[in-house]
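To start, the structure itself, in structure tokens.
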Amino acid sequence: MIKFLSTLSLALCLLHSSLVNAQVSQIIYSDPEKEDGRRTNFEIIGKFNANFLIFKNNNSKDDICIYDSVMRLQQRIPLTFMPDRYINVDFVAYAESFLLIYEYQKKSIVHIAAVRLNERAQVIGQPVELDTTQVGLANNNKIYTTLVSEDKQRIMIFKINSKDSRNYLFTSFLYDADLKLIDRHRIYCPMEERNENFTDFFLDNGGQLMFGKYLRSGSNDYVSRVSVVTKGPLADSFSIKDLGAGDRILDEIKMKVDNNNNTYIISGFYYKQRRGNIEGLYTVIWDKATNTRLQEHTTVFTDELRAMAKSTDATVKTAFNDFYIKHIITKRDGGYLLVSESLYTTSRGSMYNRWDNPYYGGYGGYYNPYGPYGGYGSPWGRVPGGYATRYHAENLMVLSYDKEGNLQWSNIIPKSQFDDESESLISHELINTGGELHFLFNLYERRNMLLNDQSISPEGRITRYPTLHNLDRGYDFMPRYGKQVSSWESIIPCLYRNYLCFAKVDF
């Protein structure tokens, strides 16, 4: 999607003594362009040979900007084939080309089309229309969702018609990397209760669609029942299986496809009682071949871990009440790592808890699981009542599990971040260099906001690297919208005097 997603799919290669630690060695900035400001929507497409391609949208003007290895702008290529107004765009990057999938509305018809471009952003062939939907004249809402498998050899586009609240109609289109249609189906998904919702949607390398369907007892309450929903690449119906969580009171459910081991990882925090405190983590490993639960694990958070994780205003008992799962990272041997972050909002005249928090909530209907496209402004703005909102992003927790589901180690990366009216400069970017996971985030030091680099090793050892060089030029980094473009490079958007520009970070 336009904003870099948190659905990180790089496998953590647990190489041992042969690997040396990597740290940021160089930061190179692009020059600010007069066309690009705070309202510019963008997507970092990727690296092609020695160049980096970035999509930018300013009002009705769409361009692909090509930067060289030292972030000099080589070309700004207008996308003249794009409609004046569109609803959403997605990109699928390959070694020497990329697909641009765009959704737009003309009169009462919503169209979704795709076109392939080469590494110089030149159109290859003609745009291809993939589907249309008749809607109301004033709709202009996102209808289609695009999913891409980890190896990028399967692409699925689907839409959900939720007019019948008891029976949602899915229309799905499965393509190969050349956009040749493999499968098209219209399938009903029964919605037994009014408060049933969907998790994020996933597509594995075999072309199987997978997601969760869960029931909340209220509009923003606990999860009381979870089902695993799958659709094989040629199947004409959904398989809906109960997760088997029993009477556990669960929180928001997160999922991850493990293509190396043909399993799905399903995880969520759990409680002992309604409106209680988070007690620990509940995880199920789901076997793709048998479509059944392979493993079930519960991690109870110790007081020692709680003391390390709690923020300034929290107690040991409430330490994890503001934590949300951000990444599930698979290992080749069947183990996995889980990263969560403390995220919450405060406001004058209004106190928020987890169930009011805008970071929390379910999905359903025509919901876009990846949020609005582009830009980097706050998606929530002000809280009800007109009070100013302060966004907080604090400590990170990393848990490592082996292939049997045993907790190998846990550790906390401490940080304290906040910003008013926007979450652009807080939170983090996760970089996988093979031997370490790097967390890049801003911290105030002597009234200056500086980009910090802390890493965690396969054994759980945290390394805090020295303050990064080349940070004193007035650039404000937005690491949460960065994108790793190679095993040693990341592109991070930043602001310079209200102009949007980009920094290449080398490890």
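By convention in this document, the chains of the structure tokens carry letters A, B, ... by their order, each chain's residues are numbered from 1, and ligands are numbered from 1 in the order they are shown.
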>> Which residues are near Gln454 in chain A? Cut-off 7 Å, only C-alpha atoms, ignore same chain within fewer than 4 positions. Put them as a PyMOL selection string.
In response: chain A and resi 438-440+462-465
Expected file: the selected residues, C-alpha atoms, as a short mmCIF file (atom, residue, chain, number, x, y, z; two decimals), in the first residue's frame:
data_model
loop_
_atom_site.label_atom_id
_atom_site.label_comp_id
_atom_site.auth_asym_id
_atom_site.auth_seq_id
_atom_site.Cartn_x
_atom_site.Cartn_y
_atom_site.Cartn_z
CA HIS A 438 17.58 -2.67 14.01
CA PHE A 439 15.02 -0.29 15.48
CA LEU A 440 15.30 3.29 14.24
CA ILE A 462 20.54 -5.20 22.84
CA THR A 463 23.15 -2.88 21.34
CA ARG A 464 22.71 0.86 21.53
CA TYR A 465 24.82 2.43 18.83
#
>> as an NGL selection string, please: the residues near Leu443 in chain A (cut-off 7 Å, only C-alpha atoms, same-chain neighbours under 3 positions excluded).
In response: :A and (417 or 449-452)
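Candidate residues A:Gly460, A:Met191, A:Ser486, A:Glu421 were compared for distance to Ile45 in chain A, and the nearest is A:Ser486, using only C-alpha atoms.
Between Arg293 in chain A and the residues A:Thr263, A:Asn277, A:Asn395, A:Thr230, the shortest atom-to-atom distance, using only C-alpha atoms, involves A:Thr263.
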> If you count only C-alpha atoms, which residues fall within 8 Å of Arg76 in chain A, apart from same-chain ones fewer than 5 positions away, as a PyMOL selection string?
Replying inline: chain A and resi 63-66
>> I want to know what sits within 7 Å of Leu437 in chain A, based on only C-alpha atoms, with residues of the same chain fewer than 4 positions away left out; could you give that as an NGL selection string?
In response: :A and (430-433 or 455-457)
Could you write those residues out with N, CA and C atoms, as a short mmCIF file (atom, residue, chain, number, x, y, z; two decimals), in the first residue's frame?
data_model
loop_
_atom_site.label_atom_id
_atom_site.label_comp_id
_atom_site.auth_asym_id
_atom_site.auth_seq_id
_atom_site.Cartn_x
_atom_site.Cartn_y
_atom_site.Cartn_z
N LEU A 430 11.60 -0.89 11.55
CA LEU A 430 12.32 -2.12 11.83
C LEU A 430 13.13 -2.51 10.60
N ILE A 431 14.45 -2.69 10.77
CA ILE A 431 15.35 -3.07 9.68
C ILE A 431 15.96 -4.41 10.00
N ASN A 432 15.85 -5.37 9.08
CA ASN A 432 16.40 -6.71 9.25
C ASN A 432 17.67 -6.83 8.41
N THR A 433 18.83 -6.85 9.07
CA THR A 433 20.10 -6.96 8.34
C THR A 433 20.63 -8.39 8.32
N SER A 455 19.76 -2.12 18.27
CA SER A 455 19.55 -3.41 17.61
C SER A 455 19.42 -4.51 18.65
N ILE A 456 18.88 -5.64 18.20
CA ILE A 456 18.77 -6.81 19.05
C ILE A 456 19.30 -8.01 18.27
N SER A 457 20.13 -8.81 18.92
CA SER A 457 20.78 -9.94 18.26
C SER A 457 19.90 -11.18 18.33
#
Could you list, as a JSON list (two decimals) with C-alpha atoms, in the first residue's frame, every residue within 7 Å of range 127-141 of chain A, counting only C-alpha atoms and ignoring same-chain residues fewer than 6 positions away?
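Saved result, out22.json, follows:
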[["chain", "number", "residue", "atom", "x", "y", "z"],
["A", 87, "ILE", "CA", -9.18, 6.33, -4.67],
["A", 105, "GLN", "CA", -14.32, 6.20, -9.93],
["A", 107, "LYS", "CA", -19.62, 8.59, -12.48],
["A", 108, "SER", "CA", -21.26, 5.65, -10.69],
["A", 109, "ILE", "CA", -18.62, 3.05, -11.63],
["A", 110, "VAL", "CA", -15.53, 2.19, -9.58],
["A", 111, "HIS", "CA", -12.71, 0.77, -11.70],
["A", 112, "ILE", "CA", -9.55, -1.10, -10.72],
["A", 113, "ALA", "CA", -6.75, -1.30, -13.28],
["A", 114, "ALA", "CA", -3.08, -2.26, -13.43],
["A", 115, "VAL", "CA", -0.07, -1.31, -15.54]]
>> Quick check for you: according to DSSP on this backbone, which residues of range 116-249 of chain A are classed as strand (DSSP E)? Reply as number ranges by chain.
In response: A: 116-118, 123-134, 144-148, 154-161, 167-176, 181-190, 196-203, 209-216, 223-231, 239-242, 249
Restricted to C-alpha atoms, what would the selected residues look like written as a JSON list (two decimals), in the first residue's frame?
[["chain", "number", "residue", "atom", "x", "y", "z"],
["A", 116, "ARG", "CA", 3.54, -2.49, -15.57],
["A", 117, "LEU", "CA", 6.44, -0.03, -15.65],
["A", 118, "ASN", "CA", 10.18, -0.65, -16.02],
["A", 123, "VAL", "CA", 5.02, 2.01, -19.30],
["A", 124, "ILE", "CA", 5.30, -1.52, -20.65],
["A", 125, "GLY", "CA", 2.24, -2.35, -22.72],
["A", 126, "GLN", "CA", -1.15, -0.84, -21.91],
["A", 127, "PRO", "CA", -3.10, -0.48, -18.65],
["A", 128, "VAL", "CA", -5.41, -3.45, -18.03],
["A", 129, "GLU", "CA", -8.79, -3.10, -16.38],
["A", 130, "LEU", "CA", -9.24, -5.81, -13.75],
["A", 131, "ASP", "CA", -12.79, -5.22, -12.49],
["A", 132, "THR", "CA", -15.58, -2.68, -12.08],
["A", 133, "THR", "CA", -18.28, -2.09, -9.47],
["A", 134, "GLN", "CA", -21.40, 0.05, -9.73],
["A", 144, "TYR", "CA", -10.87, -3.21, -3.49],
["A", 145, "THR", "CA", -8.08, -4.75, -1.41],
["A", 146, "THR", "CA", -4.83, -5.93, -3.00],
["A", 147, "LEU", "CA", -2.82, -8.76, -1.45],
["A", 148, "VAL", "CA", 0.63, -9.92, -2.55],
["A", 154, "ARG", "CA", 0.65, -14.46, -6.55],
["A", 155, "ILE", "CA", -1.53, -11.34, -6.42],
["A", 156, "MET", "CA", -5.12, -11.27, -5.22],
["A", 157, "ILE", "CA", -7.65, -8.49, -5.57],
["A", 158, "PHE", "CA", -10.94, -8.79, -3.76],
["A", 159, "LYS", "CA", -13.98, -6.77, -2.73],
["A", 160, "ILE", "CA", -16.61, -7.36, -0.06],
["A", 161, "ASN", "CA", -20.29, -6.57, -0.43],
["A", 167, "ASN", "CA", -23.94, -12.98, 4.54],
["A", 168, "TYR", "CA", -21.00, -11.01, 3.13],
["A", 169, "LEU", "CA", -20.23, -11.57, -0.53],
["A", 170, "PHE", "CA", -16.53, -11.82, -1.43],
["A", 171, "THR", "CA", -15.49, -11.44, -5.07],
["A", 172, "SER", "CA", -11.86, -12.46, -5.53],
["A", 173, "PHE", "CA", -9.43, -12.45, -8.46],
["A", 174, "LEU", "CA", -6.15, -14.41, -8.22],
["A", 175, "TYR", "CA", -3.32, -13.55, -10.65],
["A", 176, "ASP", "CA", 0.23, -14.66, -11.28],
["A", 181, "LEU", "CA", -5.94, -14.69, -14.18],
["A", 182, "ILE", "CA", -5.70, -17.97, -12.24],
["A", 183, "ASP", "CA", -9.00, -17.95, -10.40],
["A", 184, "ARG", "CA", -12.14, -15.85, -10.00],
["A", 185, "HIS", "CA", -14.84, -16.62, -7.46],
["A", 186, "ARG", "CA", -17.88, -15.11, -5.76],
["A", 187, "ILE", "CA", -18.14, -16.64, -2.29],
["A", 188, "TYR", "CA", -20.44, -15.90, 0.64],
["A", 189, "CYS", "CA", -19.05, -15.65, 4.14],
["A", 190, "PRO", "CA", -21.70, -16.07, 6.86],
["A", 196, "GLU", "CA", -18.24, -10.07, 14.01],
["A", 197, "ASN", "CA", -15.15, -8.52, 12.43],
["A", 198, "PHE", "CA", -12.18, -9.48, 10.27],
["A", 199, "THR", "CA", -8.48, -9.43, 11.00],
["A", 200, "ASP", "CA", -5.98, -8.38, 8.35],
["A", 201, "PHE", "CA", -6.05, -10.48, 5.18],
["A", 202, "PHE", "CA", -3.09, -12.55, 3.94],
["A", 203, "LEU", "CA", -2.08, -14.41, 0.77],
["A", 209, "LEU", "CA", -6.27, -16.52, 1.13],
["A", 210, "MET", "CA", -6.23, -16.56, 4.92],
["A", 211, "PHE", "CA", -7.77, -14.30, 7.56],
["A", 212, "GLY", "CA", -9.50, -14.42, 10.91],
["A", 213, "LYS", "CA", -13.13, -13.79, 11.79],
["A", 214, "TYR", "CA", -13.83, -12.88, 15.38],
["A", 215, "LEU", "CA", -16.66, -11.78, 17.62],
["A", 216, "ARG", "CA", -16.55, -8.86, 20.03],
["A", 223, "VAL", "CA", -12.73, -11.03, 21.53],
["A", 224, "SER", "CA", -14.92, -13.91, 22.61],
["A", 225, "ARG", "CA", -14.65, -16.24, 19.60],
["A", 226, "VAL", "CA", -12.10, -16.59, 16.76],
["A", 227, "SER", "CA", -12.38, -18.54, 13.52],
["A", 228, "VAL", "CA", -9.64, -19.20, 10.96],
["A", 229, "VAL", "CA", -10.94, -18.61, 7.43],
["A", 230, "THR", "CA", -9.10, -19.95, 4.37],
["A", 231, "LYS", "CA", -9.74, -20.21, 0.65],
["A", 239, "SER", "CA", -13.22, -23.13, 5.08],
["A", 240, "ILE", "CA", -14.16, -21.71, 8.49],
["A", 241, "LYS", "CA", -12.59, -23.46, 11.51],
["A", 242, "ASP", "CA", -12.83, -22.52, 15.18],
["A", 249, "ILE", "CA", -10.59, -13.48, 26.94]]
> Where does DSSP see alpha helix (DSSP H) in range 142-363 of chain A, if you list the residues as a VMD selection string?
Replying inline: chain A and resid 303 to 309
>> Counting only C-alpha atoms, which residue out of A:Ile413, A:Leu425, A:Ala95, A:Ile253 sits closest to Ala50 in chain A?
In response: A:Ala95
>> Using only C-alpha atoms, which protein or nucleic acid residues come within 9 Å of Asn498 in chain A? Drop anything in the same chain fewer than 2 positions from it, and give the result as a list in words.
In response: Asp36, Gly37, Arg38, Leu495, Tyr496 and Leu500 of chain A
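Counting only C-alpha atoms, the residue from A:Asp247, A:Glu192, A:Glu394, A:Asp151 that sits nearest to Asn205 in chain A is A:Asp151.
For the pair CA of Arg497 in chain A and CA of Asn57 in chain A, the separation is 19.3 Å.
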>> List the spatial neighbours of Val284 in chain A as a ChimeraX atom specification - criterion: any atom at most 7 Å away, only C-alpha atoms, same-chain residues fewer than 2 positions off excluded.
In response: /A:265-267,286,293,295-297
Could you dump the residues just selected with C-alpha atoms as a PDB file, in the first residue's frame?
ATOM      1  CA  ILE A 265       0.974 -17.825  13.357  1.00  0.00           C
ATOM      2  CA  ILE A 266      -2.030 -16.397  15.233  1.00  0.00           C
ATOM      3  CA  SER A 267      -1.377 -14.343  18.352  1.00  0.00           C
ATOM      4  CA  TRP A 286      -2.096 -23.334  12.508  1.00  0.00           C
ATOM      5  CA  ARG A 293      -4.323 -26.276  15.208  1.00  0.00           C
ATOM      6  CA  GLN A 295       0.417 -25.928  18.606  1.00  0.00           C
ATOM      7  CA  GLU A 296      -1.023 -23.763  21.373  1.00  0.00           C
ATOM      8  CA  HIS A 297       1.104 -21.655  23.741  1.00  0.00           C
TER       9      HIS A 297
END
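Our summary of the geometry notes that CA of Phe323 in chain A is positioned 21.0 Å from CA of Asp453 in chain A.
Nearest-residue note for Asp419 in chain A: choosing from A:Ser347, A:Ser487, A:Asn49, A:Asn88, the minimum distance belongs to A:Ser347, counting only C-alpha atoms.
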